[in-house]
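First the structure, in the form of structure tokens, and then the observations on it.
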Amino acid sequence: MKKLLTCLLAALLLMSFLGCSSGDADDPNLGVYTAKTAEYSGFTVDVNQFFEKGFTIELKSGGKCKLTADGESANGKWTLEGTKFHVNGGGIDCDGTLEKGVIRLDYDGVVFNLVNEAYAAPAAQAPSPALQ
């Protein structure tokens, strides 16, 4: 009886660990965000004005990320509480928002707008059969 109980407990623990490890794999926020524009003092400019080779943040599971600016990459960490976003790594430590596949990141008064082109947005509604 003790062996059966021990095996059952071990199986439950294993299932709980496996369940937790894959939990954020379905997070629609994961992926690569590419900076498109930057805003400063009421002006909006192409991000290449700041980063000739571009600026991206790849959000990975477990709160990890990869930041790439002008071809130089560094690992970092990210958090999200509601829509409040924070990223830290590679000399960057700043806040912003993350909502519907768009990060608005405030870095020393410059707001970078990064877009995840592969964000799992709702699919466009197919036309109804009556219209076809």
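If you're wondering about the labels, chains in the structure tokens are A, B, ... by order shown, residues count from 1 in each chain, ligands from 1 in order shown.
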**Request:** From a DSSP pass on the backbone, collect the residues of region 23-120 of chain A flagged as strand (DSSP E) and hand them back as a ChimeraX atom specification.
**Result:** /A:31-40,43-46,55-59,64-69,72-81,84-89,92-99,102-107,110-115
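Close contacts of Lys66 (chain A), defined as residues with an atom at most 8 Å away when counting only C-alpha atoms, with chain neighbours fewer than 3 positions off set aside, comprise Ile57, Glu58, Leu59, Lys60, Ser73, Ala74, Asn75 and Gly76 of chain A.
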Selected residues written out, N, CA, C and O atoms, as an mmCIF file, in the first residue's frame:
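As a result, again.cif now contains:
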data_model
loop_
_atom_site.group_PDB
_atom_site.id
_atom_site.type_symbol
_atom_site.label_atom_id
_atom_site.label_comp_id
_atom_site.auth_asym_id
_atom_site.auth_seq_id
_atom_site.Cartn_x
_atom_site.Cartn_y
_atom_site.Cartn_z
ATOM 1 N N ILE A 57 13.453 43.224 -29.540
ATOM 2 C CA ILE A 57 13.396 42.519 -28.261
ATOM 3 C C ILE A 57 12.658 41.216 -28.522
ATOM 4 O O ILE A 57 11.536 41.231 -29.026
ATOM 5 N N GLU A 58 13.305 40.107 -28.204
ATOM 6 C CA GLU A 58 12.647 38.808 -28.322
ATOM 7 C C GLU A 58 12.219 38.365 -26.931
ATOM 8 O O GLU A 58 13.062 38.094 -26.083
ATOM 9 N N LEU A 59 10.913 38.308 -26.697
ATOM 10 C CA LEU A 59 10.396 37.850 -25.413
ATOM 11 C C LEU A 59 10.320 36.334 -25.433
ATOM 12 O O LEU A 59 9.701 35.745 -26.319
ATOM 13 N N LYS A 60 10.979 35.730 -24.451
ATOM 14 C CA LYS A 60 11.011 34.275 -24.332
ATOM 15 C C LYS A 60 10.267 33.862 -23.072
ATOM 16 O O LYS A 60 9.983 34.678 -22.205
ATOM 17 N N SER A 73 23.828 41.981 -29.381
ATOM 18 C CA SER A 73 22.785 41.304 -28.596
ATOM 19 C C SER A 73 23.199 41.101 -27.158
ATOM 20 O O SER A 73 24.388 40.965 -26.854
ATOM 21 N N ALA A 74 22.201 41.072 -26.286
ATOM 22 C CA ALA A 74 22.409 40.808 -24.863
ATOM 23 C C ALA A 74 21.169 40.115 -24.324
ATOM 24 O O ALA A 74 20.065 40.299 -24.841
ATOM 25 N N ASN A 75 21.361 39.317 -23.307
ATOM 26 C CA ASN A 75 20.241 38.653 -22.642
ATOM 27 C C ASN A 75 19.688 39.558 -21.553
ATOM 28 O O ASN A 75 20.413 40.370 -20.989
ATOM 29 N N GLY A 76 18.411 39.383 -21.273
ATOM 30 C CA GLY A 76 17.782 40.186 -20.242
ATOM 31 C C GLY A 76 16.570 39.495 -19.660
ATOM 32 O O GLY A 76 16.333 38.311 -19.905
#
**Request:** Provide the CA of Ala35 (chain A) to CA of Phe55 (chain A) distance in Å, to one decimal place.
**Result:** 5.5 Å
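Residues in contact with region 84-101 of chain A at up to 6 Å, not including ones fewer than 5 positions away on its chain and judged by only C-alpha atoms, are Ala74, Asn75, Gly76, Lys77, Trp78, Thr79, Asp106, Tyr107, Val115, Asn116 and Tyr119 of chain A.
The coordinates place CA of Val110 (chain A) at 5.0 Å from CA of Tyr40 (chain A).
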**Prompt:** Counting only C-alpha atoms, which of A:Leu105, A:Leu80, A:Leu67, A:Val111 gets nearest to Asn29 (chain A)?
**Reply:** A:Leu80
**Request:** Record the distance separating CA of Gly82 (chain A) and CA of Leu30 (chain A), expressed in Å with one decimal.
**Result:**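 Going from CA of Gly82 (chain A) over to CA of Leu30 (chain A) covers 15.0 Å.
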What lies within 8 Å of region 46-48 of chain A using only C-alpha atoms, ignoring chain neighbours under 5 positions off, as a compact mmCIF listing (two decimals) with all heavy atoms, in the first residue's frame?
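After the write, around.txt holds the following:
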# COMPACT_ATOMS: atom_id res chain seq x y z
N ALA A 35 11.41 47.36 -33.42
CA ALA A 35 11.14 48.79 -33.28
C ALA A 35 10.88 49.39 -34.66
O ALA A 35 11.64 49.17 -35.60
CB ALA A 35 12.32 49.48 -32.61
N LYS A 36 9.78 50.12 -34.76
CA LYS A 36 9.40 50.75 -36.03
C LYS A 36 9.62 52.26 -35.98
O LYS A 36 10.18 52.83 -36.90
CB LYS A 36 7.92 50.47 -36.34
CG LYS A 36 7.58 49.00 -36.47
CD LYS A 36 8.22 48.38 -37.67
CE LYS A 36 7.77 46.94 -37.83
NZ LYS A 36 8.37 46.31 -39.00
N THR A 37 9.11 52.89 -34.91
CA THR A 37 9.23 54.33 -34.78
C THR A 37 9.69 54.70 -33.38
O THR A 37 9.61 53.90 -32.45
CB THR A 37 7.88 55.05 -35.06
OG1 THR A 37 6.91 54.58 -34.12
CG2 THR A 37 7.41 54.80 -36.48
N ALA A 38 10.15 55.95 -33.26
CA ALA A 38 10.52 56.51 -31.96
C ALA A 38 9.88 57.89 -31.85
O ALA A 38 9.81 58.62 -32.84
CB ALA A 38 12.03 56.60 -31.82
N LYS A 53 21.13 49.68 -37.51
CA LYS A 53 20.88 48.27 -37.83
C LYS A 53 19.64 47.74 -37.13
O LYS A 53 19.42 46.55 -37.06
CB LYS A 53 22.09 47.42 -37.44
CG LYS A 53 23.33 47.75 -38.23
CD LYS A 53 24.48 46.87 -37.81
CE LYS A 53 25.75 47.23 -38.58
NZ LYS A 53 26.88 46.41 -38.12
N GLY A 54 18.83 48.62 -36.57
CA GLY A 54 17.58 48.21 -35.95
C GLY A 54 17.67 47.91 -34.47
O GLY A 54 18.75 47.91 -33.87
N PHE A 55 16.50 47.67 -33.89
CA PHE A 55 16.37 47.39 -32.47
C PHE A 55 15.23 46.38 -32.31
O PHE A 55 14.12 46.63 -32.77
CB PHE A 55 16.07 48.69 -31.71
CG PHE A 55 15.73 48.51 -30.25
CD1 PHE A 55 16.46 47.68 -29.42
CD2 PHE A 55 14.66 49.20 -29.70
CE1 PHE A 55 16.14 47.53 -28.09
CE2 PHE A 55 14.33 49.08 -28.36
CZ PHE A 55 15.07 48.23 -27.55
N PHE A 112 9.94 54.20 -27.78
CA PHE A 112 10.10 53.32 -28.93
C PHE A 112 8.85 52.47 -29.07
O PHE A 112 8.34 51.93 -28.10
CB PHE A 112 11.33 52.42 -28.74
CG PHE A 112 12.62 53.17 -28.80
CD1 PHE A 112 13.23 53.62 -27.64
CD2 PHE A 112 13.22 53.44 -30.02
CE1 PHE A 112 14.42 54.33 -27.69
CE2 PHE A 112 14.41 54.15 -30.08
CZ PHE A 112 15.01 54.60 -28.91
**Request:** Counting only C-alpha atoms, figure out which residue out of A:Glu81, A:Gly109, A:Ala69, A:Lys64 gets nearest to Thr34 (chain A).
**Result:**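 Of the candidates, the smallest distance to Thr34 (chain A) is held by A:Ala69.
If you measure from each of A:Ser61, A:Asp27, A:Phe50, A:Val102 to Thr83 (chain A) using only C-alpha atoms, the closest one turns out to be A:Val102.
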